[in-house]
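**Student:** For reference, this is coords.cif, and it has mmCIF, C-alpha atoms.
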data_structure
#
loop_
_atom_site.label_atom_id
_atom_site.label_comp_id
_atom_site.auth_asym_id
_atom_site.auth_seq_id
_atom_site.Cartn_x
_atom_site.Cartn_y
_atom_site.Cartn_z
CA MET A 1 77.77 136.30 128.20
CA ASP A 2 79.77 139.53 127.80
CA LYS A 3 80.81 139.52 124.16
CA GLN A 4 77.99 140.21 121.78
CA LEU A 5 77.63 137.74 118.92
CA VAL A 6 76.17 138.93 115.67
CA VAL A 7 74.00 136.19 114.17
CA ALA A 8 72.38 136.37 110.74
CA ILE A 9 69.31 134.30 109.91
CA SER A 10 67.76 133.82 106.50
CA GLY A 11 64.26 132.64 105.60
CA ILE A 12 62.46 135.51 107.35
CA ASN A 13 59.62 135.28 104.84
CA ALA A 14 56.94 134.51 107.42
CA VAL A 15 54.15 134.19 104.84
CA ASP A 16 51.52 131.50 104.14
CA ASN A 17 54.33 129.10 103.25
CA PRO A 18 56.66 130.38 105.94
CA GLY A 19 60.42 130.25 105.96
CA PRO A 20 61.99 129.01 109.20
CA GLY A 21 63.94 132.21 110.02
CA VAL A 22 61.45 134.03 112.22
CA GLY A 23 61.01 131.00 114.50
CA VAL A 24 64.79 130.63 114.76
CA ALA A 25 65.18 134.34 115.62
CA ARG A 26 62.44 134.08 118.23
CA SER A 27 64.15 131.09 119.81
CA LEU A 28 67.47 132.91 120.02
CA LYS A 29 65.86 136.00 121.53
CA GLU A 30 64.39 133.78 124.23
CA ASP A 31 67.79 132.63 125.45
CA GLY A 32 68.37 135.52 127.82
CA ASP A 33 71.91 134.41 128.64
CA LEU A 34 73.11 134.91 125.09
CA ASN A 35 74.13 138.43 124.14
CA LEU A 36 73.06 138.42 120.50
CA LYS A 37 72.46 140.92 117.76
CA ILE A 38 70.10 139.38 115.21
CA ILE A 39 70.50 140.19 111.55
CA GLY A 40 67.70 139.20 109.18
CA LEU A 41 68.72 138.22 105.66
CA ALA A 42 65.85 138.78 103.21
CA TYR A 43 65.50 138.28 99.47
CA ASP A 44 62.62 140.72 99.14
CA ALA A 45 61.75 144.01 100.84
CA MET A 46 58.33 142.65 101.70
CA GLU A 47 59.47 139.68 103.76
CA PRO A 48 57.57 140.13 107.02
CA GLY A 49 60.55 139.33 109.25
CA ILE A 50 62.13 142.65 108.25
CA TYR A 51 59.37 144.49 110.09
CA LEU A 52 59.42 142.47 113.31
CA ASP A 53 61.53 144.89 115.33
CA TRP A 54 61.35 142.81 118.50
CA LEU A 55 63.15 139.98 116.73
CA MET A 56 65.45 141.67 114.22
CA ASP A 57 68.04 144.28 115.10
CA LYS A 58 69.02 144.86 111.50
CA THR A 59 68.04 143.43 108.13
CA TYR A 60 69.77 143.20 104.78
CA ILE A 61 68.62 142.28 101.31
CA MET A 62 70.61 139.39 99.89
CA PRO A 63 71.20 138.67 96.19
CA TYR A 64 69.24 135.65 94.98
CA PRO A 65 71.33 132.45 95.07
CA ALA A 66 71.02 132.24 91.27
CA SER A 67 73.01 135.51 91.01
CA GLY A 68 76.16 133.49 91.64
CA GLN A 69 78.91 133.27 94.20
CA GLN A 70 80.62 136.60 93.61
CA GLN A 71 77.61 138.73 94.52
CA PHE A 72 76.82 136.41 97.41
CA ILE A 73 80.33 136.58 98.90
CA GLU A 74 80.60 140.32 98.34
CA ARG A 75 77.32 140.86 100.13
CA LEU A 76 78.44 138.78 103.10
CA GLN A 77 81.72 140.72 103.18
CA TYR A 78 79.76 143.98 103.21
CA ILE A 79 77.50 142.77 106.04
CA LYS A 80 80.53 141.53 107.98
CA HIS A 81 82.17 144.93 107.56
CA GLN A 82 79.02 146.85 108.52
CA SER A 83 77.73 144.70 111.36
CA GLY A 84 80.58 142.41 112.45
CA LEU A 85 78.88 139.17 111.47
CA ASP A 86 79.94 136.14 113.60
CA PHE A 87 77.53 133.37 112.61
CA ILE A 88 74.97 132.63 109.90
CA ILE A 89 72.02 130.25 110.13
CA PRO A 90 70.81 129.69 106.56
CA THR A 91 67.35 128.12 106.65
CA LEU A 92 66.28 127.84 103.00
CA ASP A 93 66.88 124.76 100.84
CA VAL A 94 67.65 126.81 97.77
CA GLU A 95 70.51 128.77 99.37
CA LEU A 96 72.11 125.91 101.28
CA PRO A 97 74.25 124.61 98.38
CA LEU A 98 75.86 128.04 98.11
CA TYR A 99 76.62 128.22 101.84
CA ILE A 100 77.95 124.66 101.80
CA LYS A 101 80.08 125.14 98.71
CA TYR A 102 81.66 128.33 100.03
CA ALA A 103 81.78 127.30 103.70
CA ASP A 104 85.58 127.56 103.79
CA LYS A 105 85.59 130.98 102.18
CA ILE A 106 82.92 132.17 104.60
CA SER A 107 84.93 130.77 107.47
CA GLN A 108 88.05 132.60 106.26
CA MET A 109 86.01 135.81 106.43
CA GLY A 110 85.59 135.13 110.16
CA ILE A 111 81.98 134.02 109.85
CA LYS A 112 81.01 130.65 111.27
CA THR A 113 78.26 128.36 110.01
CA PHE A 114 77.02 125.01 111.27
CA ILE A 115 75.55 123.30 108.25
CA PRO A 116 75.79 119.86 106.65
CA THR A 117 78.63 118.97 104.30
CA MET A 118 77.80 118.64 100.60
CA GLU A 119 77.87 114.86 100.98
CA GLN A 120 75.36 115.07 103.83
CA PHE A 121 73.24 117.57 101.93
CA ARG A 122 72.92 115.12 99.03
CA LEU A 123 71.40 112.55 101.39
CA ARG A 124 68.18 114.53 101.23
CA ASN A 125 67.78 113.45 97.61
CA LYS A 126 64.68 111.32 97.63
CA ASP A 127 66.42 108.56 95.73
CA CYS A 128 68.86 108.20 98.69
CA LEU A 129 66.10 107.66 101.25
CA PRO A 130 65.60 103.88 100.79
CA GLU A 131 69.29 103.24 101.54
CA ILE A 132 69.30 105.60 104.56
CA ALA A 133 66.11 103.99 105.89
CA ARG A 134 67.62 100.54 105.51
CA ARG A 135 70.78 101.55 107.37
CA ILE A 136 68.92 103.09 110.30
CA GLY A 137 66.47 100.20 110.59
CA ILE A 138 63.27 101.76 109.27
CA LYS A 139 61.36 101.52 105.99
CA THR A 140 60.45 103.61 103.00
CA PRO A 141 57.28 103.23 100.95
CA LYS A 142 57.79 101.27 97.71
CA THR A 143 59.69 103.78 95.61
CA ALA A 144 60.76 103.99 91.98
CA VAL A 145 63.24 106.52 90.63
CA ILE A 146 62.16 107.40 87.10
CA HIS A 147 64.31 108.75 84.27
CA SER A 148 61.96 108.38 81.30
CA PHE A 149 58.27 108.47 80.46
CA GLU A 150 58.38 104.83 79.45
CA GLY A 151 59.69 103.90 82.87
CA PHE A 152 57.01 106.06 84.44
CA SER A 153 54.19 104.33 82.52
CA GLN A 154 55.45 100.90 83.58
CA THR A 155 55.79 101.99 87.19
CA ILE A 156 52.29 103.37 87.60
CA LYS A 157 50.95 100.09 86.23
CA ARG A 158 53.11 98.12 88.67
CA LEU A 159 52.50 100.16 91.85
CA ARG A 160 49.08 100.59 93.38
CA LEU A 161 47.23 103.91 93.19
CA PRO A 162 47.05 106.35 94.90
CA LEU A 163 50.69 107.26 94.35
CA MET A 164 52.93 110.15 95.36
CA ILE A 165 54.64 111.78 92.37
CA LYS A 166 57.66 113.75 93.58
CA GLY A 167 60.55 115.82 92.29
CA ALA A 168 64.03 114.84 93.50
CA PHE A 169 64.15 117.90 95.79
CA TYR A 170 60.89 119.80 95.59
CA LYS A 171 57.19 119.23 95.02
CA ALA A 172 55.07 116.24 95.85
CA TYR A 173 51.63 115.47 94.50
CA ARG A 174 49.17 112.74 95.41
CA ALA A 175 47.65 111.11 92.33
CA TYR A 176 44.47 109.05 92.60
CA THR A 177 44.21 108.15 88.92
CA SER A 178 46.71 107.33 86.16
CA GLN A 179 45.68 110.50 84.31
CA GLU A 180 46.39 112.59 87.36
CA ALA A 181 49.74 110.85 87.83
CA ILE A 182 50.73 111.59 84.21
CA GLY A 183 49.75 115.25 84.65
CA PHE A 184 51.89 115.59 87.80
CA TYR A 185 54.76 113.75 86.13
CA HIS A 186 54.84 116.27 83.26
CA ARG A 187 54.54 119.18 85.69
CA ILE A 188 57.55 117.99 87.69
CA VAL A 189 59.69 117.20 84.63
CA ALA A 190 58.91 120.65 83.17
CA GLU A 191 59.73 122.46 86.40
CA TRP A 192 62.51 120.39 87.97
CA GLY A 193 63.62 117.82 85.39
CA TYR A 194 64.57 114.21 86.16
CA PRO A 195 64.54 112.08 88.17
CA VAL A 196 60.89 111.80 89.13
CA ILE A 197 60.13 109.76 92.22
CA VAL A 198 57.03 107.57 92.28
CA GLN A 199 56.09 106.30 95.69
CA GLU A 200 53.28 104.24 97.15
CA VAL A 201 51.07 106.01 99.66
CA VAL A 202 51.45 104.50 103.11
CA ALA A 203 48.58 104.82 105.56
CA GLY A 204 49.60 105.99 109.03
CA ASP A 205 50.34 108.96 111.22
CA GLU A 206 52.49 111.75 109.80
CA LEU A 207 55.11 112.31 112.46
CA ASN A 208 58.19 114.53 112.36
CA VAL A 209 61.38 115.16 114.28
CA VAL A 210 63.42 118.35 114.48
CA GLY A 211 66.96 117.90 115.68
CA VAL A 212 70.52 119.19 115.58
CA GLY A 213 73.52 116.93 115.06
CA ASP A 214 76.96 117.95 116.32
CA GLY A 215 78.80 116.61 113.25
CA LYS A 216 80.55 113.94 115.33
CA GLY A 217 77.67 111.52 115.72
CA PHE A 218 75.87 113.04 118.69
CA SER A 219 72.58 114.83 118.91
CA LEU A 220 72.40 118.25 120.55
CA GLY A 221 68.66 117.74 121.00
CA SER A 222 65.52 116.61 119.22
CA VAL A 223 61.74 116.84 119.56
CA GLY A 224 59.05 114.65 117.96
CA ILE A 225 55.72 116.01 116.83
CA LYS A 226 52.59 115.12 114.94
CA LYS A 227 51.15 117.64 112.50
CA MET A 228 47.48 117.75 113.47
CA TRP A 229 46.30 120.30 110.99
CA ILE A 230 48.01 121.47 107.82
CA THR A 231 47.24 124.22 105.33
CA SER A 232 46.34 123.66 101.68
CA GLN A 233 50.08 124.08 101.03
CA GLY A 234 50.85 121.22 103.37
CA LYS A 235 52.29 123.46 106.09
CA ILE A 236 51.68 122.84 109.77
CA TRP A 237 49.10 125.01 111.51
CA THR A 238 48.48 122.89 114.61
CA GLY A 239 50.68 120.19 116.09
CA VAL A 240 51.29 118.18 119.23
CA THR A 241 54.44 116.81 120.83
CA ILE A 242 54.77 113.04 120.83
CA LYS A 243 57.38 110.46 121.76
CA ASN A 244 57.42 107.68 119.25
CA ARG A 245 60.38 105.61 120.37
CA HIS A 246 60.93 103.94 116.98
CA MET A 247 61.01 107.25 115.13
CA LEU A 248 63.12 109.10 117.69
CA GLU A 249 65.62 106.24 117.79
CA ALA A 250 65.79 106.22 114.00
CA ALA A 251 66.51 109.98 113.98
CA GLU A 252 69.19 109.47 116.63
CA LYS A 253 70.75 106.67 114.59
CA PHE A 254 70.69 108.89 111.50
CA THR A 255 72.60 111.60 113.39
CA GLN A 256 75.07 109.02 114.64
CA LEU A 257 75.61 107.06 111.43
CA TYR A 258 75.94 110.00 109.07
CA LYS A 259 77.63 112.29 111.65
CA TRP A 260 75.06 114.87 110.72
CA GLN A 261 76.12 118.46 111.27
CA GLY A 262 73.48 121.12 111.85
CA ALA A 263 69.72 121.20 111.97
CA PHE A 264 67.47 118.68 110.27
CA GLU A 265 63.84 117.72 109.96
CA PHE A 266 62.92 114.08 109.65
CA GLU A 267 59.51 113.41 108.09
CA CYS A 268 57.98 109.98 108.66
CA ILE A 269 54.78 108.02 108.42
CA VAL A 270 54.27 105.70 111.34
CA ALA A 271 51.92 102.72 111.20
CA GLY A 272 52.08 100.67 114.39
CA ASP A 273 55.71 99.63 114.84
CA ASP A 274 56.59 100.44 111.23
CA VAL A 275 58.31 103.78 110.59
CA TYR A 276 58.53 104.93 106.96
CA LEU A 277 61.02 107.65 106.07
CA ILE A 278 59.42 110.16 103.71
CA GLU A 279 61.79 113.13 103.67
CA ILE A 280 64.88 114.63 105.29
CA ASN A 281 65.22 118.40 105.29
CA PRO A 282 68.78 119.62 105.98
CA ARG A 283 67.77 122.70 107.97
CA PHE A 284 65.43 123.97 110.68
CA PRO A 285 61.78 123.50 109.72
CA ALA A 286 59.38 126.47 109.83
CA TRP A 287 57.87 125.07 113.04
CA SER A 288 61.18 124.81 114.95
CA TYR A 289 59.99 127.31 117.58
CA PHE A 290 57.71 124.49 118.78
CA ALA A 291 60.80 122.72 120.16
CA THR A 292 61.86 125.90 121.95
CA GLY A 293 58.37 126.25 123.39
CA VAL A 294 58.67 122.81 125.01
CA GLY A 295 62.13 123.43 126.43
CA HIS A 296 64.51 122.50 123.61
CA ASN A 297 65.95 125.71 122.22
CA LEU A 298 67.77 124.05 119.32
CA PRO A 299 69.11 127.24 117.66
CA SER A 300 70.54 128.24 121.03
CA TYR A 301 72.03 124.74 121.54
CA MET A 302 73.69 125.14 118.14
CA ILE A 303 75.24 128.54 118.93
CA ARG A 304 76.39 127.41 122.35
CA HIS A 305 78.02 124.37 120.75
CA VAL A 306 79.76 126.32 117.98
CA PHE A 307 81.07 129.08 120.27
CA ASN A 308 81.96 126.72 123.13
CA LEU A 309 79.53 128.44 125.46
CA PRO A 310 78.09 126.62 128.49
CA ARG A 311 75.48 124.10 127.40
CA LEU A 312 71.98 124.43 128.75
CA PRO A 313 71.08 121.63 131.17
CA ALA A 314 69.79 118.54 129.37
CA ALA A 315 66.04 118.84 129.21
CA ASP A 316 63.24 116.46 128.42
CA TYR A 317 59.99 117.54 126.86
CA GLU A 318 56.42 116.71 127.71
CA THR A 319 54.16 114.93 125.27
CA GLY A 320 50.75 116.42 124.56
CA LYS A 321 51.97 120.02 124.26
CA LEU A 322 50.05 121.86 121.59
CA TYR A 323 51.40 124.19 118.89
CA ILE A 324 49.08 126.65 117.23
CA ARG A 325 50.25 129.00 114.53
CA TYR A 326 48.35 132.25 114.07
CA THR A 327 48.36 135.26 111.81
CA TYR A 328 49.29 138.68 113.14
CA GLU A 329 49.17 142.12 111.61
CA GLN A 330 51.97 144.62 111.92
CA VAL A 331 51.47 148.31 111.17
CA THR A 332 54.63 150.30 110.74
CA ALA A 333 56.12 153.39 109.10
CA MET A 334 57.05 153.36 105.42
CA ARG A 335 60.68 153.97 106.31
CA PRO A 336 61.87 150.35 106.75
CA PHE A 337 60.31 149.39 103.41
CA GLN A 338 61.73 152.49 101.75
CA GLU A 339 65.24 151.82 103.07
CA MET A 340 65.14 148.15 102.14
CA ILE A 341 64.17 149.16 98.60
CA THR A 342 66.65 151.99 98.21
CA ARG A 343 69.59 150.92 100.40
CA GLY A 344 69.00 147.21 100.77
CA GLU A 345 69.31 147.37 104.55
CA TYR A 346 67.52 148.70 107.57
CA SER A 347 68.38 149.05 111.22
CA HIS A 348 65.60 148.99 113.78
CA GLU A 349 67.84 150.80 116.19
CA LYS A 350 67.08 153.97 114.20
CA ILE A 351 63.38 153.96 115.07
CA VAL A 352 62.51 156.81 117.46
CA MET B 1 55.57 98.50 126.23
CA ASN B 2 51.80 98.18 125.80
CA ARG B 3 50.50 101.29 124.05
CA LEU B 4 47.50 101.36 126.33
CA THR B 5 49.61 101.85 129.44
CA GLN B 6 51.08 105.01 127.91
CA LEU B 7 47.75 106.69 127.18
CA ALA B 8 47.09 109.95 129.00
CA LEU B 9 43.53 110.02 130.38
CA SER B 10 41.71 113.04 131.74
CA ASP B 11 38.79 112.87 134.20
CA GLU B 12 36.56 114.22 131.42
CA GLY B 13 37.32 111.27 129.16
CA PHE B 14 39.86 112.94 126.86
CA VAL B 15 42.45 110.39 125.77
CA PHE B 16 45.83 111.27 124.24
CA ASP B 17 48.23 108.75 122.71
CA PRO B 18 51.77 110.17 123.12
CA LEU B 19 53.13 107.67 120.61
CA THR B 20 51.07 108.82 117.66
CA GLY B 21 49.63 112.17 118.73
CA GLU B 22 46.11 110.84 118.22
CA SER B 23 43.43 111.99 120.64
CA PHE B 24 39.87 110.86 121.17
CA THR B 25 37.11 111.01 123.75
CA VAL B 26 35.42 108.19 125.63
CA ASN B 27 32.27 108.09 127.75
CA PRO B 28 32.41 107.37 131.50
CA THR B 29 32.07 103.61 130.91
CA GLY B 30 34.95 103.67 128.43
CA LEU B 31 37.03 105.69 130.85
CA THR B 32 36.43 103.17 133.63
CA ILE B 33 37.46 100.33 131.29
CA LEU B 34 40.60 102.16 130.13
CA ARG B 35 41.63 102.97 133.69
CA GLY B 36 41.04 99.38 134.71
CA LEU B 37 43.07 97.99 131.81
CA LYS B 38 45.89 100.47 132.47
CA ALA B 39 45.97 99.29 136.07
CA ASP B 40 46.16 95.69 134.80
CA ARG B 41 42.89 94.72 136.49
CA SER B 42 40.91 91.69 135.37
CA LEU B 43 37.90 92.13 133.07
CA GLU B 44 35.68 90.65 135.82
CA SER B 45 36.84 93.25 138.30
CA ILE B 46 36.33 96.09 135.79
CA GLY B 47 32.88 94.65 134.97
CA ARG B 48 31.89 94.63 138.63
CA GLU B 49 32.95 98.26 139.02
CA ILE B 50 30.90 99.29 135.99
CA SER B 51 27.85 97.36 137.16
CA ASP B 52 28.06 99.04 140.56
CA GLN B 53 28.84 102.51 139.23
CA PHE B 54 26.23 102.63 136.48
CA GLU B 55 23.70 100.21 137.90
CA ALA B 56 23.98 98.02 134.81
CA LEU B 57 23.21 94.32 134.46
CA PRO B 58 26.33 92.11 134.38
CA GLU B 59 25.53 90.74 130.88
CA GLU B 60 25.11 94.29 129.58
CA THR B 61 28.42 95.30 131.15
CA GLU B 62 30.18 92.27 129.70
CA ARG B 63 28.91 93.16 126.22
CA ASP B 64 30.04 96.78 126.62
CA ILE B 65 33.51 95.70 127.70
CA THR B 66 33.83 93.21 124.82
CA ASP B 67 32.75 95.89 122.32
CA PHE B 68 35.12 98.44 123.77
CA ILE B 69 38.07 96.05 123.73
CA HIS B 70 37.27 95.28 120.09
CA HIS B 71 37.51 99.03 119.36
CA LEU B 72 40.83 99.27 121.18
CA ARG B 73 42.17 96.39 119.08
CA THR B 74 40.93 98.06 115.89
CA TYR B 75 42.97 101.13 116.83
CA HIS B 76 45.98 98.95 117.74
CA LEU B 77 45.87 100.17 121.31
CA LEU B 78 45.64 96.66 122.71
#
Could you quickly redo this structure as structure tokens?
**Tutor:**
Amino acid sequence: MDKQLVVAISGINAVDNPGPGVGVARSLKEDGDLNLKIIGLAYDAMEPGIYLDWLMDKTYIMPYPASGQQQFIERLQYIKHQSGLDFIIPTLDVELPLYIKYADKISQMGIKTFIPTMEQFRLRNKDCLPEIARRIGIKTPKTAVIHSFEGFSQTIKRLRLPLMIKGAFYKAYRAYTSQEAIGFYHRIVAEWGYPVIVQEVVAGDELNVVGVGDGKGFSLGSVGIKKMWITSQGKIWTGVTIKNRHMLEAAEKFTQLYKWQGAFEFECIVAGDDVYLIEINPRFPAWSYFATGVGHNLPSYMIRHVFNLPRLPAADYETGKLYIRYTYEQVTAMRPFQEMITRGEYSHEKIV
Amino acid sequence: MNRLTQLALSDEGFVFDPLTGESFTVNPTGLTILRGLKADRSLESIGREISDQFEALPEETERDITDFIHHLRTYHLL
């Protein structure tokens, strides 16, 4: 590929609860046929991705999504002017509504994105999952959507403990006693408000799919995994590739039925032939490099699709491939940190 | 498709289920039974192989196979 594409990736906070950006950048760097300049978009000068000079060519500090659209758009305009931005892969839940809402404006600036529509984004609401599951032929655990404490009290009497107490978008706690459930309920209401989702715990294997939909009902690729070992924050540390036909077919049907556009993560519990849908994340998960490692470079598939570049030959993946995350220490000069603090940007090309 | 036929077996007795990502280990007798079942052999034929291979009495072998199949059913592999 002759023309260089400038691709920005957010979520480069590769910390104990890692953002997906570093894995996405690593995937793109591994597609040697793409001529890419990678821009890291950080919200804090200490996000580790900033300092990974083999992955990032340049990094910028972004205003927090809560700062509003004007600052956000102005910052993108500045980055476009400075670095010639062609494509952005936002990877954080909290920023996606902003990118979706202003997708047209961003497009008019000459920057492409490949993200779900607002309607698709809303499907991730946990109170939408039972209907989605029904339509794609799988199940959800018994679920109640709660809008008052009275309703909550009745529900925890009706459903069997242990129960999952969840916010509509974020946070999920497992409660073994009614007291615990009440404590989690108050915590979620205080932090995220209503509705609160109460869900029965289903025994089975926790299996996931990462995939990319083309927005027209077709999948650009997908990989199924089992999380073998997770951290205290519930994040994958070790995983293995699997092929659970029921789950993979359900993910395919989801892409087809909802004409999903962009990356997604499908979280399921599988017990025998029963597949329970637990969560849909409308973005790449933090472990998406796993798919690249087994031959499905999904971020690259996405860019090739958007820019009409030759598609990579259709690949299959082997089951039983292991994924092991590890920690790594980087020692560097103070300069990148200093420039991120003072100027809000840093180019690795300057390092001598 | 029978889940058992999809199991990946190593010579050392490591078993991986590509449907669920579960893995476990079996002893040489278990491995012989799994290989036999995967190949759709009869329990009698598997029993004879075990008796010959491990110099075990047929009634002992039969009990081992019955126990092992019970375990496979418990794990929904059969």
**Student:** Considering all atoms listed in the file, return as a ChimeraX atom specification whatever protein or nucleic-acid residues lie within 10 Å of B:Gln53, sequence-local ones (same chain, fewer than 3 positions apart) excluded.
**Tutor:** /B:28-29,32,47-50,56
**Student:** Could you check how far atom CA of A:Ala8 sits from atom CA of A:Leu41, in Å to one decimal?
**Tutor:**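 If I compute the distance from atom CA of A:Ala8 to atom CA of A:Leu41, I get 6.5 Å.
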**Student:** When the PyMOL selection byres ((chain A and resi 273-279) around 10) is applied to the structure above, which residues does it catch, written out as a PyMOL selection string?
**Tutor:** chain A and resi 123-126+128-130+132-134+137-142+169+199+202+204-208+244-247+250-251+265-272+280-282
**Student:** Residues of stretch 225-343 of chain A within 12 Å of stretch 212-216 of chain A: nearest atom pair and distance (Å, one decimal) for each, counting all atoms listed in the file, sorted by chain and number, as a tab-separated table?
**Tutor:**
residue	atom	partner	partner_atom	distance
A:Ala251	CA	A:Gly213	CA	9.9
A:Glu252	CA	A:Gly213	CA	8.8
A:Lys253	CA	A:Gly213	CA	10.6
A:Phe254	CA	A:Gly213	CA	9.2
A:Thr255	CA	A:Gly213	CA	5.7
A:Gln256	CA	A:Lys216	CA	7.4
A:Leu257	CA	A:Lys216	CA	9.3
A:Tyr258	CA	A:Gly215	CA	8.3
A:Lys259	CA	A:Gly215	CA	4.8
A:Trp260	CA	A:Gly215	CA	4.8
A:Gln261	CA	A:Gly215	CA	3.8
A:Gly262	CA	A:Val212	CA	5.1
A:Ala263	CA	A:Val212	CA	4.2
A:Phe264	CA	A:Val212	CA	6.1
A:Glu265	CA	A:Val212	CA	8.9
A:Phe266	CA	A:Val212	CA	10.9
A:Asn281	CA	A:Val212	CA	11.6
A:Pro282	CA	A:Val212	CA	9.8
A:Arg283	CA	A:Val212	CA	8.8
A:Phe284	CA	A:Val212	CA	8.5
A:Pro285	CA	A:Val212	CA	11.4
A:Ser288	CA	A:Val212	CA	10.9
A:Ala291	CA	A:Val212	CA	11.3
A:His296	CA	A:Val212	CA	10.6
A:Asn297	CA	A:Val212	CA	10.4
A:Leu298	CA	A:Val212	CA	6.7
A:Pro299	CA	A:Val212	CA	8.4
A:Ser300	CA	A:Val212	CA	10.6
A:Tyr301	CA	A:Val212	CA	8.3
A:Met302	CA	A:Val212	CA	7.2
A:Ile303	CA	A:Val212	CA	11.0
A:Arg304	CA	A:Asp214	CA	11.2
A:His305	CA	A:Asp214	CA	7.9
A:Val306	CA	A:Asp214	CA	9.0
**Student:** So how far away is atom CA of A:Glu345 from atom CA of A:Ile50, in Å?
**Tutor:**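 Atom CA of A:Glu345 lies 9.4 Å from atom CA of A:Ile50.
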**Student:** With 6 Å as the threshold, what does the neighbourhood of (65.8, 130.5, 105.8) contain in terms of residues, counting all atoms listed in the file? Coordinates are those of the file; answer as number ranges by chain.
**Tutor:** A: 10-11, 19-21, 90-92
**Student:** What residues in chain A have any atom no more than 6 Å from chain B when counting only C-alpha atoms, and can you write them as number ranges by chain?
**Tutor:** A: 226, 242-244, 319
**Student:** Kindly export the residues of the current selection with C-alpha atoms, as a PDB file, in the coordinates of the input.
**Tutor:**
ATOM      1  CA  LYS A 226      52.590 115.120 114.940  1.00  0.00           C
ATOM      2  CA  ILE A 242      54.770 113.040 120.830  1.00  0.00           C
ATOM      3  CA  LYS A 243      57.380 110.460 121.760  1.00  0.00           C
ATOM      4  CA  ASN A 244      57.420 107.680 119.250  1.00  0.00           C
ATOM      5  CA  THR A 319      54.160 114.930 125.270  1.00  0.00           C
TER       6      THR A 319
END
**Student:** Expand the PyMOL selection byres ((chain B and resi 36) around 12) into the explicit residue set it covers here, and present it as a VMD selection string.
**Tutor:** chain B and resid 4 to 5 9 29 to 35 37 to 50 65 69
**Student:** Of the candidates A:Leu98, A:Ala190, A:Met228, A:Leu34, which shows the shortest atom-to-atom distance to A:Phe72, using only C-alpha atoms?
**Tutor:**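 Comparing A:Leu98, A:Ala190, A:Met228, A:Leu34 against A:Phe72, the winner is A:Leu98.
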**Student:** Take atom CA of A:Leu309 and atom CA of A:Asp93 and report the distance between them in Å, one decimal.
**Tutor:**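 One can read the atom CA of A:Leu309 to atom CA of A:Asp93 distance as 27.9 Å.
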**Student:** List the spatial neighbours of A:Gln233 as a CSV table (one decimal) with C-alpha atoms, in the coordinates of the input - criterion: any atom at most 12 Å away, only C-alpha atoms, same-chain residues fewer than 5 positions off excluded.
**Tutor:**
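To be explicit, this is the file written out as selection_23.csv:
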chain,number,residue,atom,x,y,z
A,15,VAL,CA,54.2,134.2,104.8
A,16,ASP,CA,51.5,131.5,104.1
A,17,ASN,CA,54.3,129.1,103.2
A,18,PRO,CA,56.7,130.4,105.9
A,171,LYS,CA,57.2,119.2,95.0
A,172,ALA,CA,55.1,116.2,95.8
A,173,TYR,CA,51.6,115.5,94.5
**Student:** Evaluate the PyMOL selection byres ((chain A and resi 327) around 10) against this structure - the residues, as a ChimeraX atom specification, please.
**Tutor:** /A:14-16,325-326,328-329
